$ cat my_file_39.tsv   # TSV, C-alpha atoms
chain	number	residue	atom	x	y	z
A	1	MET	CA	48.42	-60.58	-35.89
A	2	THR	CA	49.73	-61.87	-32.58
A	3	GLY	CA	53.45	-62.08	-32.04
A	4	ARG	CA	55.10	-65.35	-31.22
A	5	GLY	CA	55.84	-64.27	-27.68
A	6	SER	CA	52.49	-62.54	-27.04
A	7	ARG	CA	49.73	-64.03	-24.92
A	8	VAL	CA	46.11	-63.86	-26.00
A	9	PRO	CA	43.72	-62.81	-23.20
A	10	ALA	CA	41.34	-65.50	-22.12
A	11	GLY	CA	37.63	-65.36	-22.73
A	12	ARG	CA	35.68	-63.06	-24.99
A	13	ALA	CA	38.41	-60.41	-25.09
A	14	GLY	CA	40.83	-62.98	-26.47
A	15	ARG	CA	38.30	-64.18	-29.01
A	16	LEU	CA	37.67	-60.61	-30.18
A	17	ARG	CA	41.39	-59.93	-30.54
A	18	LEU	CA	41.99	-63.14	-32.46
A	19	ARG	CA	39.08	-62.45	-34.80
A	20	ARG	CA	40.48	-59.01	-35.54
A	21	ASN	CA	44.00	-60.35	-36.06
A	22	LEU	CA	42.72	-63.10	-38.35
A	23	ALA	CA	40.68	-60.61	-40.40
A	24	THR	CA	43.75	-58.37	-40.71
A	25	ALA	CA	45.94	-61.29	-41.80
A	26	LEU	CA	43.39	-62.45	-44.39
A	27	ARG	CA	43.00	-58.93	-45.75
A	28	GLY	CA	46.77	-58.49	-45.85
A	29	ALA	CA	47.23	-61.76	-47.74
A	30	ASP	CA	44.59	-60.72	-50.29
A	31	LEU	CA	46.27	-57.34	-50.82
A	32	LEU	CA	49.70	-58.91	-51.16
A	33	GLU	CA	48.40	-61.41	-53.71
A	34	ARG	CA	46.91	-58.53	-55.71
A	35	LYS	CA	50.25	-56.74	-55.52
A	36	LEU	CA	52.00	-59.92	-56.64
A	37	ARG	CA	49.75	-60.22	-59.71
A	38	LEU	CA	50.44	-56.61	-60.71
A	39	LEU	CA	54.18	-57.00	-60.21
A	40	THR	CA	54.29	-60.24	-62.20
A	41	GLU	CA	52.30	-58.78	-65.09
A	42	ARG	CA	54.44	-55.63	-65.25
A	43	GLU	CA	57.58	-57.76	-65.08
A	44	ARG	CA	56.38	-59.81	-68.08
A	45	VAL	CA	55.74	-56.62	-70.05
A	46	ALA	CA	59.18	-55.24	-69.15
A	47	ARG	CA	60.90	-58.47	-70.18
A	48	ARG	CA	59.04	-58.62	-73.52
A	49	THR	CA	60.01	-55.01	-74.22
A	50	ALA	CA	63.61	-55.71	-73.21
A	51	GLU	CA	63.80	-58.80	-75.41
A	52	GLU	CA	62.49	-56.90	-78.43
A	53	ALA	CA	64.89	-54.01	-77.78
A	54	GLY	CA	67.73	-56.51	-77.41
A	55	ARG	CA	66.94	-58.05	-80.80
A	56	VAL	CA	66.81	-54.59	-82.38
A	57	TRP	CA	70.06	-53.60	-80.67
A	58	ARG	CA	71.95	-56.67	-81.88
A	59	GLY	CA	70.55	-56.35	-85.40
A	60	ARG	CA	71.32	-52.63	-85.65
A	61	LEU	CA	74.80	-53.16	-84.23
A	62	ALA	CA	75.63	-55.84	-86.79
A	63	GLU	CA	74.26	-53.66	-89.59
A	64	ALA	CA	76.22	-50.61	-88.40
A	65	ASP	CA	79.41	-52.66	-88.18
A	66	ARG	CA	78.98	-53.71	-91.82
A	67	TRP	CA	78.52	-50.10	-92.93
A	68	LEU	CA	81.52	-49.08	-90.84
A	69	VAL	CA	83.76	-51.63	-92.56
A	70	ARG	CA	82.62	-50.39	-95.96
A	71	GLY	CA	83.21	-46.78	-94.97
A	72	VAL	CA	86.71	-47.51	-93.68
A	73	LEU	CA	87.54	-49.43	-96.84
A	74	LEU	CA	86.40	-46.45	-98.91
A	75	GLY	CA	87.87	-43.61	-96.86
A	76	GLY	CA	90.49	-45.12	-94.58
A	77	GLU	CA	90.59	-45.05	-90.80
A	78	GLU	CA	91.28	-41.31	-90.75
A	79	ALA	CA	87.77	-40.80	-92.13
A	80	LEU	CA	86.38	-41.92	-88.75
A	81	ALA	CA	87.91	-38.96	-86.93
A	82	GLU	CA	86.58	-36.58	-89.56
A	83	ALA	CA	83.05	-37.94	-89.26
A	84	ALA	CA	82.66	-37.83	-85.44
A	85	PRO	CA	80.65	-34.83	-84.15
A	86	ALA	CA	81.98	-32.97	-81.13
A	87	ASP	CA	78.52	-32.99	-79.53
A	88	ARG	CA	77.35	-36.01	-77.55
A	89	ALA	CA	74.08	-37.88	-77.57
A	90	ARG	CA	71.88	-37.60	-74.49
A	91	ILE	CA	69.80	-40.35	-72.92
A	92	ASP	CA	67.23	-39.58	-70.23
A	93	ILE	CA	65.55	-42.26	-68.13
A	94	GLU	CA	62.14	-41.54	-66.65
A	95	TRP	CA	61.42	-43.52	-63.50
A	96	ALA	CA	58.06	-44.77	-62.28
A	97	THR	CA	56.78	-46.43	-59.12
A	98	LEU	CA	54.56	-49.50	-59.02
A	99	MET	CA	53.39	-50.84	-55.66
A	100	GLY	CA	56.35	-49.19	-53.97
A	101	VAL	CA	58.92	-50.38	-56.52
A	102	ARG	CA	60.82	-47.57	-58.27
A	103	HIS	CA	61.98	-48.70	-61.70
A	104	PRO	CA	62.96	-47.29	-65.14
A	105	ALA	CA	59.87	-46.71	-67.26
A	106	THR	CA	60.71	-44.82	-70.46
A	107	VAL	CA	63.81	-43.77	-72.34
A	108	SER	CA	64.21	-40.56	-74.31
A	109	TRP	CA	67.04	-39.94	-76.74
A	110	THR	CA	68.54	-36.70	-78.05
A	111	ASP	CA	70.76	-36.96	-81.12
A	112	PRO	CA	74.11	-35.15	-81.17
A	113	VAL	CA	74.03	-32.06	-83.37
A	114	ARG	CA	76.91	-31.01	-85.62
A	115	SER	CA	77.84	-27.39	-85.73
A	116	PRO	CA	78.01	-25.74	-89.18
A	117	ASP	CA	81.80	-25.87	-88.97
A	118	GLU	CA	81.97	-29.60	-88.40
A	119	ARG	CA	82.44	-31.98	-91.30
A	120	THR	CA	79.88	-34.60	-92.19
A	121	PRO	CA	80.91	-38.23	-92.89
A	122	PRO	CA	83.09	-38.26	-96.03
A	123	ASN	CA	81.22	-41.12	-97.70
A	124	THR	CA	77.74	-42.60	-97.79
A	125	ALA	CA	78.76	-45.80	-96.02
A	126	LEU	CA	79.98	-43.90	-92.95
A	127	ALA	CA	76.83	-41.76	-92.99
A	128	HIS	CA	74.72	-44.96	-92.92
A	129	ALA	CA	76.94	-46.38	-90.17
A	130	GLU	CA	76.41	-43.27	-88.04
A	131	THR	CA	72.63	-43.43	-88.43
A	132	VAL	CA	72.43	-47.12	-87.61
A	133	TYR	CA	74.82	-46.83	-84.66
A	134	ARG	CA	72.56	-44.19	-83.18
A	135	ALA	CA	69.58	-46.50	-83.56
A	136	ALA	CA	71.60	-49.29	-81.92
A	137	VAL	CA	72.45	-47.09	-78.93
A	138	ARG	CA	68.79	-46.11	-78.53
A	139	ALA	CA	67.80	-49.78	-78.57
A	140	ALA	CA	70.57	-50.63	-76.09
A	141	ALA	CA	69.34	-47.95	-73.70
A	142	THR	CA	65.77	-49.22	-73.99
A	143	TYR	CA	66.97	-52.77	-73.43
A	144	ALA	CA	68.97	-51.81	-70.34
A	145	ALA	CA	66.13	-49.76	-68.83
A	146	HIS	CA	63.46	-52.43	-69.24
A	147	GLU	CA	65.77	-55.26	-68.21
A	148	THR	CA	66.59	-53.32	-65.05
A	149	ALA	CA	62.89	-52.69	-64.44
A	150	ALA	CA	62.14	-56.39	-64.86
A	151	GLU	CA	64.84	-57.34	-62.35
A	152	LEU	CA	63.65	-54.82	-59.76
A	153	LEU	CA	60.02	-55.92	-60.16
A	154	ALA	CA	61.01	-59.58	-60.01
A	155	ALA	CA	62.96	-59.05	-56.78
A	156	GLU	CA	59.96	-57.37	-55.16
A	157	ALA	CA	57.70	-60.15	-56.44
A	158	VAL	CA	59.92	-62.71	-54.69
A	159	ARG	CA	59.71	-60.79	-51.41
A	160	THR	CA	55.95	-60.41	-51.76
A	161	ARG	CA	55.49	-64.11	-52.54
A	162	GLN	CA	57.46	-65.00	-49.40
A	163	ARG	CA	55.24	-62.75	-47.30
A	164	VAL	CA	52.08	-64.29	-48.78
A	165	ARG	CA	53.44	-67.77	-48.11
A	166	ALA	CA	54.23	-66.85	-44.50
A	167	LEU	CA	50.69	-65.56	-44.00
A	168	ARG	CA	48.90	-68.40	-45.77
A	169	ARG	CA	51.00	-71.27	-44.41
A	170	HIS	CA	51.90	-70.07	-40.92
A	171	TRP	CA	50.21	-67.01	-39.47
A	172	ILE	CA	46.65	-67.60	-40.69
A	173	PRO	CA	46.55	-71.30	-39.72
A	174	ARG	CA	48.04	-70.43	-36.33
A	175	LEU	CA	45.49	-67.68	-35.71
A	176	ARG	CA	42.66	-69.98	-36.77
A	177	GLY	CA	43.93	-72.66	-34.42
A	178	GLU	CA	44.19	-70.23	-31.51
A	179	LEU	CA	40.74	-68.84	-32.26
A	180	GLN	CA	39.26	-72.32	-32.43
A	181	ALA	CA	40.83	-73.19	-29.09
A	182	VAL	CA	39.49	-70.01	-27.45
A	183	GLU	CA	36.02	-70.55	-28.89
A	184	LEU	CA	36.02	-74.16	-27.73
A	185	ALA	CA	37.04	-73.06	-24.21
A	186	LEU	CA	34.26	-70.47	-24.21
A	187	GLU	CA	31.71	-73.02	-25.36
A	188	GLU	CA	32.81	-75.43	-22.65
A	189	GLY	CA	32.68	-72.67	-20.06
A	190	GLU	CA	29.20	-71.60	-21.17
A	191	HIS	CA	28.06	-75.22	-21.11
A	192	GLU	CA	29.41	-75.72	-17.59
A	193	GLU	CA	27.80	-72.45	-16.48
A	194	ALA	CA	24.46	-73.58	-17.91
A	195	ILE	CA	24.73	-76.87	-16.01
A	196	ARG	CA	25.52	-75.05	-12.77
A	197	ARG	CA	22.53	-72.74	-13.25
A	198	ARG	CA	20.18	-75.65	-13.88
A	199	TRP	CA	21.56	-77.45	-10.88
A	200	ALA	CA	21.18	-74.32	-8.72
A	201	ALA	CA	17.63	-73.78	-10.04
A	202	SER	CA	16.66	-77.37	-9.30
A	203	ARG	CA	17.95	-77.09	-5.73
A	204	GLY	CA	16.11	-73.86	-5.21
A	205	ALA	CA	12.86	-75.43	-6.40
A	206	ARG	CA	13.03	-78.19	-3.77

$ encode --input "my_file_39.tsv" --output "C-alpha cells"
Amino acid sequence: MTGRGSRVPAGRAGRLRLRRNLATALRGADLLERKLRLLTERERVARRTAEEAGRVWRGRLAEADRWLVRGVLLGGEEALAEAAPADRARIDIEWATLMGVRHPATVSWTDPVRSPDERTPPNTALAHAETVYRAAVRAAATYAAHETAAELLAAEAVRTRQRVRALRRHWIPRLRGELQAVELALEEGEHEEAIRRRWAASRGAR
C-alpha cells in the first residue's frame, strides 16, 4: 500500500508496485473480514452465555434471599454467624486468545470447605440458603466473565470493521485509480512509440 506522501515510480516499475500494493490491500481486506466474522460470532456466543448466566444468577439470588429470610426467622440473626465457614470460595478464570484478543473463556469454582470443628447451619432453611447462594455466585462469575469477553471482542470487532472500511472505501479505490492512470499512460506511451516506429520505418523505405 502506498503512503499518502509517497510517489509511485513512472512506467512499468510503478505499475508493478501498484499491482503488488493492490493485491496486498485486497488480501488484507479479505483477512480482516474473516477476522471480523469470527469475532462477531464469538461475541454472540459470549453474550448468549452471559445472558443465560445472568438469568440464573438473578433467579438463584432471589431464591437464596427467600431461604435466608426463613432461616433468620427460625434461628435469629446470630444463626448467620454460626453458619458461615471460615474457608473462602475460590474462583479461577481461564483466559483464551482469539485473533489477537485475550478474553475470559471459562470459569472454575471451588467450594469453601468446613473444618470438622466448624458448625453447620443450625436449620434447614439456612443450609438451603448457603447452597443456593453458592450457585448464585458461580452464575455471577460466569456472567461477569462472558460479559467481559463479549465487550473485549466487540471492541476489537469495531476496530477491525474500521480498518476494513478504510481499505474498501479509500485505499483500494485509490490504488485502483493510480494503477489505471499508470496503465493508461503506458498504453499511450506504447501507442506513441508504435506510431514513431511506423513513421521511422516508412521514411527509411523511401

$ atom_distance --input "my_file_39.tsv" --atom1 "CA of Ala181 in chain A" --atom2 "CA of Ala23 in chain A"
16.9 Å

$ closest_residue --input "my_file_39.tsv" --among "A:Val132, A:Leu36, A:Leu61, A:Leu26" --to "Arg159 in chain A" --atoms "only C-alpha atoms"
A:Leu36

$ closest_atom_pairs --input "my_file_39.tsv" --of "range 64-103 of chain A" --to "range 108-117 of chain A" --cutoff "7 Å" --atoms "only C-alpha atoms" --output "CSV"
residue,atom,partner,partner_atom,distance
A:Pro85,CA,A:Arg114,CA,5.5
A:Asp87,CA,A:Pro112,CA,5.2
A:Arg88,CA,A:Pro112,CA,4.9
A:Ala89,CA,A:Pro112,CA,4.5
A:Arg90,CA,A:Thr110,CA,5.0
A:Ile91,CA,A:Trp109,CA,4.7
A:Asp92,CA,A:Ser108,CA,5.2
A:Ile93,CA,A:Ser108,CA,6.5

$ atom_distance --input "my_file_39.tsv" --atom1 "CA of Ala46 in chain A" --atom2 "CA of Arg58 in chain A"
18.1 Å

$ atom_distance --input "my_file_39.tsv" --atom1 "CA of Ala166 in chain A" --atom2 "CA of Glu41 in chain A"
22.2 Å

$ closest_residue --input "my_file_39.tsv" --among "A:Ile195, A:Leu68, A:Ala157, A:Ala141" --to "Arg34 in chain A" --atoms "only C-alpha atoms"
A:Ala157

$ closest_residue --input "my_file_39.tsv" --among "A:Val164, A:Ala25, A:Leu153, A:Leu126" --to "Val45 in chain A" --atoms "only C-alpha atoms"
A:Leu153

$ axis_aligned_box --input "my_file_39.tsv" --around "range 91-96 of chain A" --padding-each-side "8 Å" --output "JSON"
{"center_x": 63.9, "center_y": -42.2, "center_z": -67.6, "size_x": 27.7, "size_y": 21.2, "size_z": 26.6}

$ residues_around --input "my_file_39.tsv" --residues "Ala50 in chain A" --least-positions-apart "2" --cutoff "8 Å" --atoms "all atoms listed in the file" --output "list in words"
Ala46, Arg47, Arg48, Glu52, Ala53, Gly54, Thr142, Tyr143, Ala144, Ala145, His146 and Glu147 of chain A

$ residues_around --input "my_file_39.tsv" --residues "Arg70 in chain A" --least-positions-apart "3" --cutoff "10 Å" --atoms "only C-alpha atoms" --output "list in words"
Ala64, Asp65, Arg66, Trp67, Leu73, Leu74, Gly75, Gly76, Asn123, Thr124, Ala125, Leu126 and Ala129 of chain A

$ closest_residue --input "my_file_39.tsv" --among "A:His103, A:Arg55, A:Arg19, A:Arg163" --to "Ala140 in chain A" --atoms "all atoms listed in the file"
A:Arg55

$ closest_residue --input "my_file_39.tsv" --among "A:Val101, A:His128, A:Glu77, A:Gly11" --to "Glu188 in chain A" --atoms "only C-alpha atoms"
A:Gly11

$ residues_near_point --input "my_file_39.tsv" --point "(54.2, -61.7, -60.0)" --cutoff "10 Å" --atoms "all atoms listed in the file" --output "JSON, numbers by chain"
{"A": [33, 34, 35, 36, 37, 38, 39, 40, 41, 42, 43, 44, 153, 154, 155, 156, 157, 158, 160, 161]}

$ closest_residue --input "my_file_39.tsv" --among "A:Ile172, A:Leu152, A:Leu80, A:Met99" --to "Leu32 in chain A" --atoms "all atoms listed in the file"
A:Met99

$ residues_around --input "my_file_39.tsv" --residues "range 174-179 of chain A" --least-positions-apart "5" --cutoff "7 Å" --atoms "all atoms listed in the file" --output "list of chain:residue names"
A:Arg15, A:Leu18, A:Leu22

$ decode --input "my_file_39.tsv" --residues "range 48-65 of chain A" --atoms "N, CA and C atoms" --output "CSV table (one decimal), in the first residue's frame"
chain,number,residue,atom,x,y,z
A,48,ARG,N,-24.8,-14.6,24.6
A,48,ARG,CA,-25.8,-15.6,24.9
A,48,ARG,C,-25.5,-16.3,26.2
A,49,THR,N,-24.3,-16.7,26.4
A,49,THR,CA,-23.9,-17.4,27.6
A,49,THR,C,-24.0,-16.4,28.8
A,50,ALA,N,-23.6,-15.2,28.6
A,50,ALA,CA,-23.7,-14.2,29.7
A,50,ALA,C,-25.2,-13.9,30.1
A,51,GLU,N,-26.0,-13.8,29.1
A,51,GLU,CA,-27.5,-13.6,29.4
A,51,GLU,C,-28.1,-14.8,30.2
A,52,GLU,N,-27.7,-16.0,29.8
A,52,GLU,CA,-28.3,-17.2,30.5
A,52,GLU,C,-27.7,-17.2,31.9
A,53,ALA,N,-26.4,-16.9,32.1
A,53,ALA,CA,-25.8,-16.9,33.4
A,53,ALA,C,-26.5,-15.8,34.2
A,54,GLY,N,-26.8,-14.7,33.6
A,54,GLY,CA,-27.4,-13.6,34.3
A,54,GLY,C,-28.8,-13.9,34.8
A,55,ARG,N,-29.5,-14.6,34.0
A,55,ARG,CA,-30.9,-15.1,34.4
A,55,ARG,C,-30.8,-16.1,35.6
A,56,VAL,N,-29.8,-17.0,35.5
A,56,VAL,CA,-29.6,-18.0,36.6
A,56,VAL,C,-29.2,-17.2,37.8
A,57,TRP,N,-28.3,-16.3,37.7
A,57,TRP,CA,-27.8,-15.5,38.9
A,57,TRP,C,-28.9,-14.8,39.6
A,58,ARG,N,-29.7,-14.1,38.8
A,58,ARG,CA,-30.8,-13.4,39.4
A,58,ARG,C,-31.9,-14.3,40.1
A,59,GLY,N,-32.1,-15.4,39.4
A,59,GLY,CA,-33.1,-16.4,40.0
A,59,GLY,C,-32.6,-17.0,41.2
A,60,ARG,N,-31.3,-17.5,41.2
A,60,ARG,CA,-30.7,-18.1,42.4
A,60,ARG,C,-30.6,-17.1,43.5
A,61,LEU,N,-30.3,-15.9,43.2
A,61,LEU,CA,-30.1,-14.9,44.3
A,61,LEU,C,-31.5,-14.6,45.0
A,62,ALA,N,-32.5,-14.5,44.2
A,62,ALA,CA,-33.9,-14.3,44.8
A,62,ALA,C,-34.3,-15.5,45.6
A,63,GLU,N,-34.0,-16.7,45.1
A,63,GLU,CA,-34.3,-17.9,45.9
A,63,GLU,C,-33.5,-18.0,47.2
A,64,ALA,N,-32.2,-17.7,47.1
A,64,ALA,CA,-31.4,-17.7,48.3
A,64,ALA,C,-31.8,-16.7,49.3
A,65,ASP,N,-32.2,-15.5,48.8
A,65,ASP,CA,-32.7,-14.5,49.8
A,65,ASP,C,-34.0,-15.0,50.5
